[in-house]
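Note: the block below is run-v5.txt and it holds compact mmCIF, N, CA and C atoms.
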# COMPACT_ATOMS: atom_id res chain seq x y z
N MET P 89 -10.84 -32.70 147.90
CA MET P 89 -11.73 -32.79 146.76
C MET P 89 -10.97 -33.34 145.54
N LYS P 90 -9.72 -32.87 145.38
CA LYS P 90 -8.92 -33.32 144.26
C LYS P 90 -8.71 -34.83 144.36
N ARG P 91 -8.51 -35.32 145.57
CA ARG P 91 -8.29 -36.74 145.77
C ARG P 91 -9.52 -37.55 145.39
N ILE P 92 -10.66 -37.07 145.67
CA ILE P 92 -11.90 -37.79 145.34
C ILE P 92 -12.07 -37.85 143.82
N VAL P 93 -11.81 -36.77 143.13
CA VAL P 93 -11.93 -36.73 141.67
C VAL P 93 -10.89 -37.66 141.06
N LEU P 94 -9.65 -37.60 141.56
CA LEU P 94 -8.58 -38.46 141.05
C LEU P 94 -8.91 -39.93 141.31
N LEU P 95 -9.34 -40.26 142.51
CA LEU P 95 -9.71 -41.62 142.85
C LEU P 95 -10.88 -42.11 142.00
N SER P 96 -11.85 -41.26 141.76
CA SER P 96 -13.01 -41.61 140.92
C SER P 96 -12.56 -41.86 139.49
N SER P 97 -11.65 -41.05 138.97
CA SER P 97 -11.15 -41.21 137.61
C SER P 97 -10.39 -42.53 137.45
N VAL P 98 -9.50 -42.82 138.41
CA VAL P 98 -8.73 -44.06 138.37
C VAL P 98 -9.67 -45.26 138.45
N LEU P 99 -10.63 -45.21 139.33
CA LEU P 99 -11.60 -46.29 139.48
C LEU P 99 -12.42 -46.48 138.20
N ALA P 100 -12.80 -45.37 137.58
CA ALA P 100 -13.58 -45.45 136.32
C ALA P 100 -12.75 -46.09 135.22
N VAL P 101 -11.45 -45.77 135.13
CA VAL P 101 -10.58 -46.35 134.11
C VAL P 101 -10.46 -47.86 134.32
N PHE P 102 -10.20 -48.27 135.56
CA PHE P 102 -10.05 -49.70 135.84
C PHE P 102 -11.34 -50.47 135.58
N LEU P 103 -12.45 -49.90 135.92
CA LEU P 103 -13.73 -50.60 135.71
C LEU P 103 -14.10 -50.67 134.23
N SER P 104 -13.72 -49.66 133.46
CA SER P 104 -14.07 -49.68 132.03
C SER P 104 -13.17 -50.64 131.26
N CYS P 105 -12.00 -50.97 131.75
CA CYS P 105 -11.09 -51.87 131.07
C CYS P 105 -11.37 -53.34 131.40
N ARG P 106 -12.26 -53.56 132.29
CA ARG P 106 -12.60 -54.93 132.67
C ARG P 106 -13.26 -55.64 131.50
N THR P 107 -12.94 -56.95 131.31
CA THR P 107 -13.55 -57.69 130.21
C THR P 107 -15.04 -57.87 130.46
N LYS P 108 -15.76 -57.80 129.38
CA LYS P 108 -17.21 -57.93 129.49
C LYS P 108 -17.60 -59.38 129.27
N LYS P 109 -18.58 -59.83 129.96
CA LYS P 109 -19.07 -61.19 129.76
C LYS P 109 -19.95 -61.22 128.52
N VAL P 110 -19.73 -62.25 127.70
CA VAL P 110 -20.54 -62.44 126.50
C VAL P 110 -21.49 -63.59 126.80
N ALA P 111 -22.72 -63.36 126.50
CA ALA P 111 -23.72 -64.39 126.77
C ALA P 111 -23.45 -65.62 125.91
N ASP P 112 -23.51 -66.78 126.50
CA ASP P 112 -23.27 -68.03 125.78
C ASP P 112 -24.41 -68.40 124.84
N ASN P 113 -25.54 -67.76 125.04
CA ASN P 113 -26.69 -68.13 124.23
C ASN P 113 -26.84 -67.27 122.98
N LEU P 114 -25.86 -66.42 122.67
CA LEU P 114 -25.92 -65.62 121.46
C LEU P 114 -25.64 -66.51 120.25
N PRO P 115 -26.19 -66.18 119.09
CA PRO P 115 -25.91 -66.99 117.89
C PRO P 115 -24.42 -66.95 117.56
N LYS P 116 -23.92 -68.08 117.11
CA LYS P 116 -22.51 -68.19 116.75
C LYS P 116 -22.40 -68.40 115.25
N ASP P 117 -21.24 -68.07 114.71
CA ASP P 117 -20.98 -68.26 113.29
C ASP P 117 -21.10 -69.74 112.97
N ILE P 118 -21.93 -70.09 112.01
CA ILE P 118 -22.18 -71.49 111.66
C ILE P 118 -20.91 -72.18 111.18
N ALA P 119 -19.98 -71.42 110.59
CA ALA P 119 -18.73 -72.02 110.10
C ALA P 119 -17.86 -72.52 111.25
N LEU P 120 -18.06 -71.96 112.46
CA LEU P 120 -17.28 -72.37 113.61
C LEU P 120 -17.88 -73.57 114.33
N LYS P 121 -19.09 -73.92 113.94
CA LYS P 121 -19.77 -75.05 114.56
C LYS P 121 -19.09 -76.35 114.14
N PRO P 122 -18.72 -77.19 115.09
CA PRO P 122 -18.09 -78.46 114.71
C PRO P 122 -19.06 -79.35 113.95
N VAL P 123 -18.52 -80.06 112.98
CA VAL P 123 -19.34 -80.96 112.18
C VAL P 123 -19.45 -82.29 112.93
N PRO P 124 -20.67 -82.76 113.14
CA PRO P 124 -20.80 -84.05 113.80
C PRO P 124 -20.12 -85.15 112.99
N GLU P 125 -19.32 -85.93 113.65
CA GLU P 125 -18.57 -87.00 112.98
C GLU P 125 -19.51 -87.96 112.26
N ARG P 126 -20.67 -88.19 112.85
CA ARG P 126 -21.66 -89.09 112.26
C ARG P 126 -22.11 -88.58 110.89
N GLU P 127 -22.28 -87.27 110.77
CA GLU P 127 -22.72 -86.68 109.51
C GLU P 127 -21.66 -86.86 108.42
N VAL P 128 -20.40 -86.65 108.77
CA VAL P 128 -19.31 -86.82 107.80
C VAL P 128 -19.21 -88.28 107.38
N LYS P 129 -19.32 -89.19 108.33
CA LYS P 129 -19.25 -90.62 108.02
C LYS P 129 -20.38 -91.04 107.10
N THR P 130 -21.56 -90.48 107.30
CA THR P 130 -22.71 -90.78 106.46
C THR P 130 -22.47 -90.32 105.02
N GLU P 131 -21.92 -89.11 104.87
CA GLU P 131 -21.63 -88.59 103.53
C GLU P 131 -20.60 -89.47 102.81
N ILE P 132 -19.56 -89.83 103.53
CA ILE P 132 -18.50 -90.67 102.94
C ILE P 132 -19.05 -92.04 102.58
N ALA P 133 -19.84 -92.61 103.47
CA ALA P 133 -20.41 -93.94 103.22
C ALA P 133 -21.31 -93.92 101.98
N HIS P 134 -22.09 -92.85 101.81
CA HIS P 134 -22.97 -92.75 100.64
C HIS P 134 -22.14 -92.66 99.35
N LEU P 135 -21.07 -91.86 99.38
CA LEU P 135 -20.21 -91.76 98.20
C LEU P 135 -19.55 -93.10 97.89
N GLN P 136 -19.08 -93.79 98.92
CA GLN P 136 -18.45 -95.10 98.71
C GLN P 136 -19.44 -96.11 98.14
N LYS P 137 -20.67 -96.05 98.62
CA LYS P 137 -21.71 -96.96 98.12
C LYS P 137 -21.96 -96.71 96.63
N LEU P 138 -22.08 -95.44 96.26
CA LEU P 138 -22.29 -95.10 94.84
C LEU P 138 -21.12 -95.57 93.99
N ARG P 139 -19.90 -95.34 94.47
CA ARG P 139 -18.71 -95.75 93.71
C ARG P 139 -18.66 -97.27 93.57
N THR P 140 -19.04 -97.99 94.61
CA THR P 140 -19.07 -99.45 94.56
C THR P 140 -20.08 -99.93 93.52
N GLU P 141 -21.24 -99.27 93.47
CA GLU P 141 -22.27 -99.62 92.48
C GLU P 141 -21.73 -99.38 91.07
N ILE P 142 -21.07 -98.25 90.87
CA ILE P 142 -20.50 -97.92 89.55
C ILE P 142 -19.47 -98.96 89.14
N ASP P 143 -18.54 -99.25 90.05
CA ASP P 143 -17.49 -100.23 89.75
C ASP P 143 -18.07 -101.61 89.49
N SER P 144 -19.11 -101.96 90.21
CA SER P 144 -19.75 -103.27 90.05
C SER P 144 -20.36 -103.42 88.65
N ILE P 145 -21.02 -102.38 88.18
CA ILE P 145 -21.60 -102.41 86.83
C ILE P 145 -20.51 -102.59 85.79
N ILE P 146 -19.41 -101.87 85.96
CA ILE P 146 -18.30 -101.94 85.01
C ILE P 146 -17.67 -103.33 85.01
N GLN P 147 -17.45 -103.88 86.19
CA GLN P 147 -16.76 -105.17 86.30
C GLN P 147 -17.57 -106.35 85.78
N LYS P 148 -18.87 -106.19 85.69
CA LYS P 148 -19.72 -107.28 85.20
C LYS P 148 -19.58 -107.51 83.70
N VAL P 149 -19.05 -106.51 82.99
CA VAL P 149 -18.95 -106.62 81.54
C VAL P 149 -17.48 -106.84 81.16
N PRO P 150 -17.17 -108.01 80.58
CA PRO P 150 -15.79 -108.24 80.16
C PRO P 150 -15.45 -107.40 78.93
N CYS P 151 -14.22 -106.95 78.87
CA CYS P 151 -13.78 -106.14 77.74
C CYS P 151 -13.11 -107.03 76.70
N SER P 152 -13.74 -107.12 75.52
CA SER P 152 -13.15 -107.90 74.43
C SER P 152 -12.86 -107.01 73.22
N ASP P 153 -13.57 -105.86 73.16
CA ASP P 153 -13.38 -104.92 72.05
C ASP P 153 -13.43 -103.50 72.63
N ALA P 154 -12.31 -102.80 72.58
CA ALA P 154 -12.23 -101.45 73.15
C ALA P 154 -13.20 -100.47 72.50
N ALA P 155 -13.64 -100.76 71.26
CA ALA P 155 -14.59 -99.89 70.57
C ALA P 155 -15.97 -99.90 71.24
N GLU P 156 -16.22 -100.90 72.08
CA GLU P 156 -17.50 -101.00 72.78
C GLU P 156 -17.46 -100.31 74.14
N TRP P 157 -16.43 -99.53 74.38
CA TRP P 157 -16.24 -98.85 75.66
C TRP P 157 -16.01 -97.35 75.44
N ARG P 158 -16.39 -96.56 76.42
CA ARG P 158 -16.17 -95.10 76.39
C ARG P 158 -15.54 -94.67 77.70
N THR P 159 -15.01 -93.44 77.70
CA THR P 159 -14.47 -92.88 78.94
C THR P 159 -15.34 -91.72 79.40
N THR P 160 -15.31 -91.48 80.69
CA THR P 160 -16.05 -90.36 81.27
C THR P 160 -15.32 -89.88 82.52
N PRO P 161 -15.39 -88.58 82.78
CA PRO P 161 -14.82 -88.09 84.04
C PRO P 161 -15.73 -88.49 85.20
N ILE P 162 -15.12 -88.64 86.37
CA ILE P 162 -15.89 -88.94 87.58
C ILE P 162 -15.33 -88.13 88.73
N GLY P 163 -16.21 -87.67 89.59
CA GLY P 163 -15.79 -86.88 90.74
C GLY P 163 -15.56 -85.43 90.37
N ASP P 164 -15.30 -84.63 91.40
CA ASP P 164 -15.11 -83.21 91.19
C ASP P 164 -14.11 -82.69 92.22
N LYS P 165 -12.99 -82.17 91.74
CA LYS P 165 -12.00 -81.58 92.65
C LYS P 165 -12.54 -80.24 93.12
N PRO P 166 -12.26 -79.87 94.35
CA PRO P 166 -12.76 -78.59 94.87
C PRO P 166 -12.33 -77.38 94.05
N CYS P 167 -11.16 -77.45 93.42
CA CYS P 167 -10.71 -76.30 92.62
C CYS P 167 -11.06 -76.47 91.14
N GLY P 168 -11.80 -77.51 90.82
CA GLY P 168 -12.26 -77.71 89.45
C GLY P 168 -11.64 -78.92 88.78
N GLY P 169 -12.38 -79.49 87.87
CA GLY P 169 -11.90 -80.65 87.13
C GLY P 169 -12.28 -81.96 87.80
N PRO P 170 -12.21 -83.03 87.03
CA PRO P 170 -12.58 -84.34 87.57
C PRO P 170 -11.49 -84.92 88.48
N MET P 171 -11.92 -85.83 89.36
CA MET P 171 -10.98 -86.55 90.21
C MET P 171 -10.27 -87.64 89.42
N ALA P 172 -10.97 -88.21 88.45
CA ALA P 172 -10.41 -89.32 87.67
C ALA P 172 -11.26 -89.51 86.41
N TYR P 173 -10.86 -90.49 85.62
CA TYR P 173 -11.62 -90.91 84.45
C TYR P 173 -11.89 -92.40 84.56
N LEU P 174 -13.03 -92.82 84.03
CA LEU P 174 -13.41 -94.22 84.04
C LEU P 174 -13.71 -94.69 82.63
N ALA P 175 -13.46 -95.96 82.40
CA ALA P 175 -13.92 -96.61 81.16
C ALA P 175 -15.19 -97.36 81.52
N TYR P 176 -16.20 -97.24 80.69
CA TYR P 176 -17.45 -97.94 80.94
C TYR P 176 -17.97 -98.54 79.63
N PRO P 177 -18.73 -99.65 79.74
CA PRO P 177 -19.27 -100.28 78.53
C PRO P 177 -20.45 -99.48 77.98
N ILE P 178 -20.43 -99.26 76.68
CA ILE P 178 -21.50 -98.49 76.03
C ILE P 178 -22.86 -99.13 76.29
N GLN P 179 -22.92 -100.46 76.34
CA GLN P 179 -24.20 -101.15 76.55
C GLN P 179 -24.83 -100.82 77.91
N LYS P 180 -24.03 -100.34 78.86
CA LYS P 180 -24.55 -100.00 80.21
C LYS P 180 -24.62 -98.48 80.43
N GLU P 181 -24.49 -97.73 79.35
CA GLU P 181 -24.43 -96.27 79.45
C GLU P 181 -25.63 -95.65 80.18
N LYS P 182 -26.84 -96.09 79.84
CA LYS P 182 -28.04 -95.52 80.46
C LYS P 182 -28.13 -95.83 81.95
N GLU P 183 -27.53 -96.90 82.36
CA GLU P 183 -27.54 -97.30 83.77
C GLU P 183 -26.42 -96.62 84.55
N ILE P 184 -25.27 -96.50 83.93
CA ILE P 184 -24.09 -96.04 84.67
C ILE P 184 -23.91 -94.52 84.70
N LEU P 185 -24.21 -93.83 83.61
CA LEU P 185 -23.98 -92.38 83.56
C LEU P 185 -24.76 -91.61 84.62
N PRO P 186 -26.04 -91.92 84.88
CA PRO P 186 -26.73 -91.21 85.96
C PRO P 186 -26.06 -91.41 87.33
N LYS P 187 -25.54 -92.60 87.56
CA LYS P 187 -24.85 -92.86 88.83
C LYS P 187 -23.54 -92.05 88.92
N ILE P 188 -22.83 -91.97 87.81
CA ILE P 188 -21.59 -91.19 87.79
C ILE P 188 -21.90 -89.70 87.99
N GLN P 189 -22.96 -89.22 87.35
CA GLN P 189 -23.35 -87.83 87.52
C GLN P 189 -23.77 -87.54 88.97
N GLU P 190 -24.50 -88.46 89.56
CA GLU P 190 -24.91 -88.31 90.96
C GLU P 190 -23.70 -88.31 91.89
N TYR P 191 -22.76 -89.21 91.64
CA TYR P 191 -21.53 -89.28 92.44
C TYR P 191 -20.78 -87.95 92.36
N THR P 192 -20.61 -87.44 91.15
CA THR P 192 -19.89 -86.19 90.94
C THR P 192 -20.61 -85.03 91.60
N LYS P 193 -21.92 -84.99 91.46
CA LYS P 193 -22.72 -83.91 92.06
C LYS P 193 -22.61 -83.93 93.59
N GLN P 194 -22.70 -85.11 94.18
CA GLN P 194 -22.61 -85.21 95.63
C GLN P 194 -21.21 -84.89 96.15
N GLN P 195 -20.20 -85.33 95.42
CA GLN P 195 -18.83 -85.02 95.83
C GLN P 195 -18.60 -83.51 95.79
N SER P 196 -19.10 -82.86 94.77
CA SER P 196 -18.98 -81.41 94.64
C SER P 196 -19.70 -80.70 95.79
N ALA P 197 -20.90 -81.16 96.11
CA ALA P 197 -21.68 -80.55 97.20
C ALA P 197 -20.95 -80.69 98.54
N ILE P 198 -20.37 -81.85 98.78
CA ILE P 198 -19.63 -82.08 100.03
C ILE P 198 -18.41 -81.17 100.08
N SER P 199 -17.71 -81.05 98.97
CA SER P 199 -16.53 -80.18 98.93
C SER P 199 -16.88 -78.74 99.26
N LYS P 200 -17.99 -78.26 98.69
CA LYS P 200 -18.41 -76.89 98.95
C LYS P 200 -18.88 -76.73 100.39
N LYS P 201 -19.67 -77.68 100.86
CA LYS P 201 -20.22 -77.63 102.22
C LYS P 201 -19.12 -77.65 103.27
N ARG P 202 -18.08 -78.42 103.03
CA ARG P 202 -17.00 -78.61 104.02
C ARG P 202 -15.79 -77.72 103.75
N ASN P 203 -15.88 -76.88 102.69
CA ASN P 203 -14.76 -76.02 102.31
C ASN P 203 -13.47 -76.81 102.11
N LEU P 204 -13.57 -77.91 101.39
CA LEU P 204 -12.42 -78.77 101.15
C LEU P 204 -11.50 -78.17 100.10
N VAL P 205 -10.25 -78.58 100.12
CA VAL P 205 -9.28 -78.16 99.12
C VAL P 205 -8.65 -79.41 98.51
N SER P 206 -8.02 -79.24 97.37
CA SER P 206 -7.34 -80.37 96.73
C SER P 206 -6.01 -79.89 96.18
N ASP P 207 -5.30 -80.78 95.52
CA ASP P 207 -4.00 -80.42 94.96
C ASP P 207 -4.12 -79.57 93.69
N CYS P 208 -5.31 -79.45 93.16
CA CYS P 208 -5.60 -78.63 91.97
C CYS P 208 -4.81 -79.05 90.73
N SER P 209 -4.25 -80.23 90.75
CA SER P 209 -3.56 -80.70 89.55
C SER P 209 -4.60 -81.13 88.52
N TYR P 210 -4.27 -80.91 87.27
CA TYR P 210 -5.19 -81.23 86.18
C TYR P 210 -5.01 -82.70 85.81
N ILE P 211 -6.10 -83.42 85.75
CA ILE P 211 -6.09 -84.82 85.35
C ILE P 211 -6.35 -84.85 83.84
N MET P 212 -5.37 -85.33 83.11
CA MET P 212 -5.50 -85.40 81.65
C MET P 212 -6.50 -86.50 81.26
N PRO P 213 -7.36 -86.20 80.32
CA PRO P 213 -8.26 -87.25 79.84
C PRO P 213 -7.46 -88.34 79.13
N PRO P 214 -7.92 -89.56 79.22
CA PRO P 214 -7.19 -90.64 78.55
C PRO P 214 -7.30 -90.49 77.03
N SER P 215 -6.30 -91.02 76.34
CA SER P 215 -6.31 -90.94 74.88
C SER P 215 -7.02 -92.13 74.25
N GLY P 216 -7.29 -93.14 75.06
CA GLY P 216 -7.98 -94.31 74.52
C GLY P 216 -8.20 -95.37 75.58
N ILE P 217 -8.70 -96.50 75.10
CA ILE P 217 -8.99 -97.65 75.97
C ILE P 217 -8.37 -98.88 75.33
N LYS P 218 -7.88 -99.76 76.16
CA LYS P 218 -7.29 -101.02 75.71
C LYS P 218 -7.91 -102.13 76.55
N CYS P 219 -8.19 -103.26 75.94
CA CYS P 219 -8.68 -104.42 76.68
C CYS P 219 -7.48 -105.26 77.11
N VAL P 220 -7.32 -105.44 78.40
CA VAL P 220 -6.22 -106.24 78.95
C VAL P 220 -6.81 -107.22 79.96
N ASN P 221 -6.64 -108.51 79.68
CA ASN P 221 -7.20 -109.56 80.56
C ASN P 221 -8.69 -109.36 80.81
N LYS P 222 -9.42 -109.03 79.75
CA LYS P 222 -10.87 -108.83 79.77
C LYS P 222 -11.33 -107.65 80.62
N LYS P 223 -10.40 -106.73 80.90
CA LYS P 223 -10.74 -105.50 81.63
C LYS P 223 -10.36 -104.31 80.77
N ALA P 224 -11.21 -103.28 80.83
CA ALA P 224 -10.92 -102.05 80.09
C ALA P 224 -9.88 -101.25 80.87
N VAL P 225 -8.83 -100.84 80.18
CA VAL P 225 -7.75 -100.08 80.80
C VAL P 225 -7.58 -98.78 80.03
N LEU P 226 -7.45 -97.68 80.75
CA LEU P 226 -7.29 -96.38 80.11
C LEU P 226 -5.85 -96.21 79.64
N ILE P 227 -5.71 -95.58 78.47
CA ILE P 227 -4.40 -95.31 77.88
C ILE P 227 -4.14 -93.81 77.94
N GLN P 228 -2.96 -93.45 78.41
CA GLN P 228 -2.57 -92.03 78.44
C GLN P 228 -2.07 -91.63 77.06
N GLY P 229 -1.91 -90.32 76.85
CA GLY P 229 -1.47 -89.78 75.57
C GLY P 229 -0.16 -90.36 75.07
N ASN P 230 0.72 -90.74 75.98
CA ASN P 230 2.03 -91.28 75.57
C ASN P 230 1.98 -92.79 75.29
N GLY P 231 0.80 -93.39 75.38
CA GLY P 231 0.65 -94.79 75.09
C GLY P 231 0.78 -95.69 76.31
N ASN P 232 1.14 -95.11 77.45
CA ASN P 232 1.25 -95.90 78.68
C ASN P 232 -0.13 -96.19 79.25
N VAL P 233 -0.24 -97.28 79.95
CA VAL P 233 -1.48 -97.63 80.60
C VAL P 233 -1.64 -96.74 81.82
N ALA P 234 -2.82 -96.12 81.93
CA ALA P 234 -3.11 -95.25 83.07
C ALA P 234 -3.56 -96.09 84.26
N ILE P 235 -3.30 -95.59 85.42
CA ILE P 235 -3.77 -96.28 86.63
C ILE P 235 -5.26 -96.00 86.77
N GLN P 236 -6.02 -97.07 86.95
CA GLN P 236 -7.47 -96.88 87.07
C GLN P 236 -7.96 -97.38 88.38

Output the structure of this file as structure tokens.
Amino acid sequence: MKRIVLLSSVLAVFLSCRTKKVADNLPKDIALKPVPEREVKTEIAHLQKLRTEIDSIIQKVPCSDAAEWRTTPIGDKPCGGPMAYLAYPIQKEKEILPKIQEYTKQQSAISKKRNLVSDCSYIMPPSGIKCVNKKAVLIQGNGNVAIQ
């Protein structure tokens, strides 16, 4: 009798330690779901298209007087702050600012949706604008030309 109880106990321990099968059709954490490459490419393509439109508007206007130009931040780093600054012609302000705002809004949404990170470095606003070869160029606080 002791052997039967002992054998039953050992068998019960081994059977209870067996891994349980998890149904494949149970809901999974959405964060673990792979992002379709097509969806990411579409988001990137839309941002690139917007940026091309913005740059095209800017390039159509030659810079002859820096007073006729303004600067604005563009883009949104995941940890805060703009990705860059742009110089734009005041005469095209009503056309260009909504596009810049849309670009920044979409970039921010993508960053949040994809849980992106960035270097979190602060981009200093330019101290001014200079016209060089009919193009508006941003000036940093130390008087150097900023990369645009």

Open item on the list: Using all atoms listed in the file, which protein or nucleic acid residues come within 7 Å of P:Ile211? Drop anything in the same chain fewer than 6 positions from it, and give the result as a list in words.
Closed with: Gly169, Pro170, Met171 and Ala172 of chain P

So that I can see what lies close to P:His134, please list as a PDB file with N, CA and C atoms, keeping the file's coordinate frame the residues with an atom at most 12 Å from it, counting only C-alpha atoms and leaving out residues fewer than 2 positions away in the same chain.
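Just written: part08.pdb:
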ATOM      1  N   GLU P 127     -22.280 -87.270 110.770  1.00  0.00           N
ATOM      2  CA  GLU P 127     -22.720 -86.680 109.510  1.00  0.00           C
ATOM      3  C   GLU P 127     -21.660 -86.860 108.420  1.00  0.00           C
ATOM      4  N   VAL P 128     -20.400 -86.650 108.770  1.00  0.00           N
ATOM      5  CA  VAL P 128     -19.310 -86.820 107.800  1.00  0.00           C
ATOM      6  C   VAL P 128     -19.210 -88.280 107.380  1.00  0.00           C
ATOM      7  N   LYS P 129     -19.320 -89.190 108.330  1.00  0.00           N
ATOM      8  CA  LYS P 129     -19.250 -90.620 108.020  1.00  0.00           C
ATOM      9  C   LYS P 129     -20.380 -91.040 107.100  1.00  0.00           C
ATOM     10  N   THR P 130     -21.560 -90.480 107.300  1.00  0.00           N
ATOM     11  CA  THR P 130     -22.710 -90.780 106.460  1.00  0.00           C
ATOM     12  C   THR P 130     -22.470 -90.320 105.020  1.00  0.00           C
ATOM     13  N   GLU P 131     -21.920 -89.110 104.870  1.00  0.00           N
ATOM     14  CA  GLU P 131     -21.630 -88.590 103.530  1.00  0.00           C
ATOM     15  C   GLU P 131     -20.600 -89.470 102.810  1.00  0.00           C
ATOM     16  N   ILE P 132     -19.560 -89.830 103.530  1.00  0.00           N
ATOM     17  CA  ILE P 132     -18.500 -90.670 102.940  1.00  0.00           C
ATOM     18  C   ILE P 132     -19.050 -92.040 102.580  1.00  0.00           C
ATOM     19  N   GLN P 136     -19.080 -93.790  98.920  1.00  0.00           N
ATOM     20  CA  GLN P 136     -18.450 -95.100  98.710  1.00  0.00           C
ATOM     21  C   GLN P 136     -19.440 -96.110  98.140  1.00  0.00           C
ATOM     22  N   LYS P 137     -20.670 -96.050  98.620  1.00  0.00           N
ATOM     23  CA  LYS P 137     -21.710 -96.960  98.120  1.00  0.00           C
ATOM     24  C   LYS P 137     -21.960 -96.710  96.630  1.00  0.00           C
ATOM     25  N   LEU P 138     -22.080 -95.440  96.260  1.00  0.00           N
ATOM     26  CA  LEU P 138     -22.290 -95.100  94.840  1.00  0.00           C
ATOM     27  C   LEU P 138     -21.120 -95.570  93.990  1.00  0.00           C
ATOM     28  N   ARG P 139     -19.900 -95.340  94.470  1.00  0.00           N
ATOM     29  CA  ARG P 139     -18.710 -95.750  93.710  1.00  0.00           C
ATOM     30  C   ARG P 139     -18.660 -97.270  93.570  1.00  0.00           C
ATOM     31  N   THR P 140     -19.040 -97.990  94.610  1.00  0.00           N
ATOM     32  CA  THR P 140     -19.070 -99.450  94.560  1.00  0.00           C
ATOM     33  C   THR P 140     -20.080 -99.930  93.520  1.00  0.00           C
ATOM     34  N   GLU P 141     -21.240 -99.270  93.470  1.00  0.00           N
ATOM     35  CA  GLU P 141     -22.270 -99.620  92.480  1.00  0.00           C
ATOM     36  C   GLU P 141     -21.730 -99.380  91.070  1.00  0.00           C
ATOM     37  N   LYS P 187     -25.540 -92.600  87.560  1.00  0.00           N
ATOM     38  CA  LYS P 187     -24.850 -92.860  88.830  1.00  0.00           C
ATOM     39  C   LYS P 187     -23.540 -92.050  88.920  1.00  0.00           C
ATOM     40  N   GLU P 190     -24.500 -88.460  89.560  1.00  0.00           N
ATOM     41  CA  GLU P 190     -24.910 -88.310  90.960  1.00  0.00           C
ATOM     42  C   GLU P 190     -23.700 -88.310  91.890  1.00  0.00           C
ATOM     43  N   TYR P 191     -22.760 -89.210  91.640  1.00  0.00           N
ATOM     44  CA  TYR P 191     -21.530 -89.280  92.440  1.00  0.00           C
ATOM     45  C   TYR P 191     -20.780 -87.950  92.360  1.00  0.00           C
ATOM     46  N   GLN P 194     -22.700 -85.110  94.180  1.00  0.00           N
ATOM     47  CA  GLN P 194     -22.610 -85.210  95.630  1.00  0.00           C
ATOM     48  C   GLN P 194     -21.210 -84.890  96.150  1.00  0.00           C
ATOM     49  N   GLN P 195     -20.200 -85.330  95.420  1.00  0.00           N
ATOM     50  CA  GLN P 195     -18.830 -85.020  95.830  1.00  0.00           C
ATOM     51  C   GLN P 195     -18.600 -83.510  95.790  1.00  0.00           C
ATOM     52  N   ILE P 198     -20.370 -81.850  98.780  1.00  0.00           N
ATOM     53  CA  ILE P 198     -19.630 -82.080 100.030  1.00  0.00           C
ATOM     54  C   ILE P 198     -18.410 -81.170 100.080  1.00  0.00           C
TER      55      ILE P 198
END

TODO: Return the single residue from P:Gln189, P:Asn221, P:Asn230, P:Ser199 that is closest to P:Ser152, with distances computed using only N, CA and C atoms.
DONE: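 Selected residue with least distance to P:Ser152: P:Asn221.
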
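As for atom C of P:Pro213 and atom N of P:Gly229, they are spaced 6.3 Å apart.
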
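Here atom C of P:Ser206 is placed at a distance of 11.5 Å from atom N of P:Asp164.
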
Open item on the list: When you count all atoms listed in the file, which of these residues is closest to P:Ala224: P:Val149, P:Val205, P:Met212, P:Ile142?
Closed with: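 Result for the nearest residue to P:Ala224: P:Val149.
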
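We find atom N of P:Pro166 and atom C of P:Lys200 to be spaced 9.5 Å apart.
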
Open item on the list: Ranking P:Thr160, P:Gln147, P:Gln228, P:Thr192 by minimum distance to P:Gly216 and counting only C-alpha atoms, which one comes first?
Closed with: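 Among P:Thr160, P:Gln147, P:Gln228, P:Thr192, it is P:Gln228 that comes nearest to P:Gly216.
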
With 4 Å added on each side, what axis-aligned box encloses every listed atom of stretch 160-165 of chain P? Give the centre and edge lengths in Å to one decimal, as AutoDock Vina command-line options.
--center_x -14.1 --center_y -85.9 --center_z 86.9 --size_x 12.2 --size_y 19.2 --size_z 20.4

Task: Option closest in space to P:Val220, from P:Cys208, P:Ile162, P:Ile145, P:Cys151 [counting all atoms listed in the file] - done: P:Cys151

- [ ] Write out as a PyMOL selection string which residues come within 8 Å of P:Lys218 when counting only C-alpha atoms, dropping same-chain ones fewer than 5 positions away.
- [x] chain P and resi 154+224-227

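Using only N, CA and C atoms, the nearest neighbour of P:Asp207 within the list P:Pro124, P:Ile146, P:Ala133, P:Lys165 is P:Lys165.
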
TODO: Apply DSSP to the backbone of this structure and, from stretch 197-226 of chain P, keep only the residues in helix (DSSP H, G or I); write these as an MDAnalysis selection string.
DONE: chainID P and resid 197:202
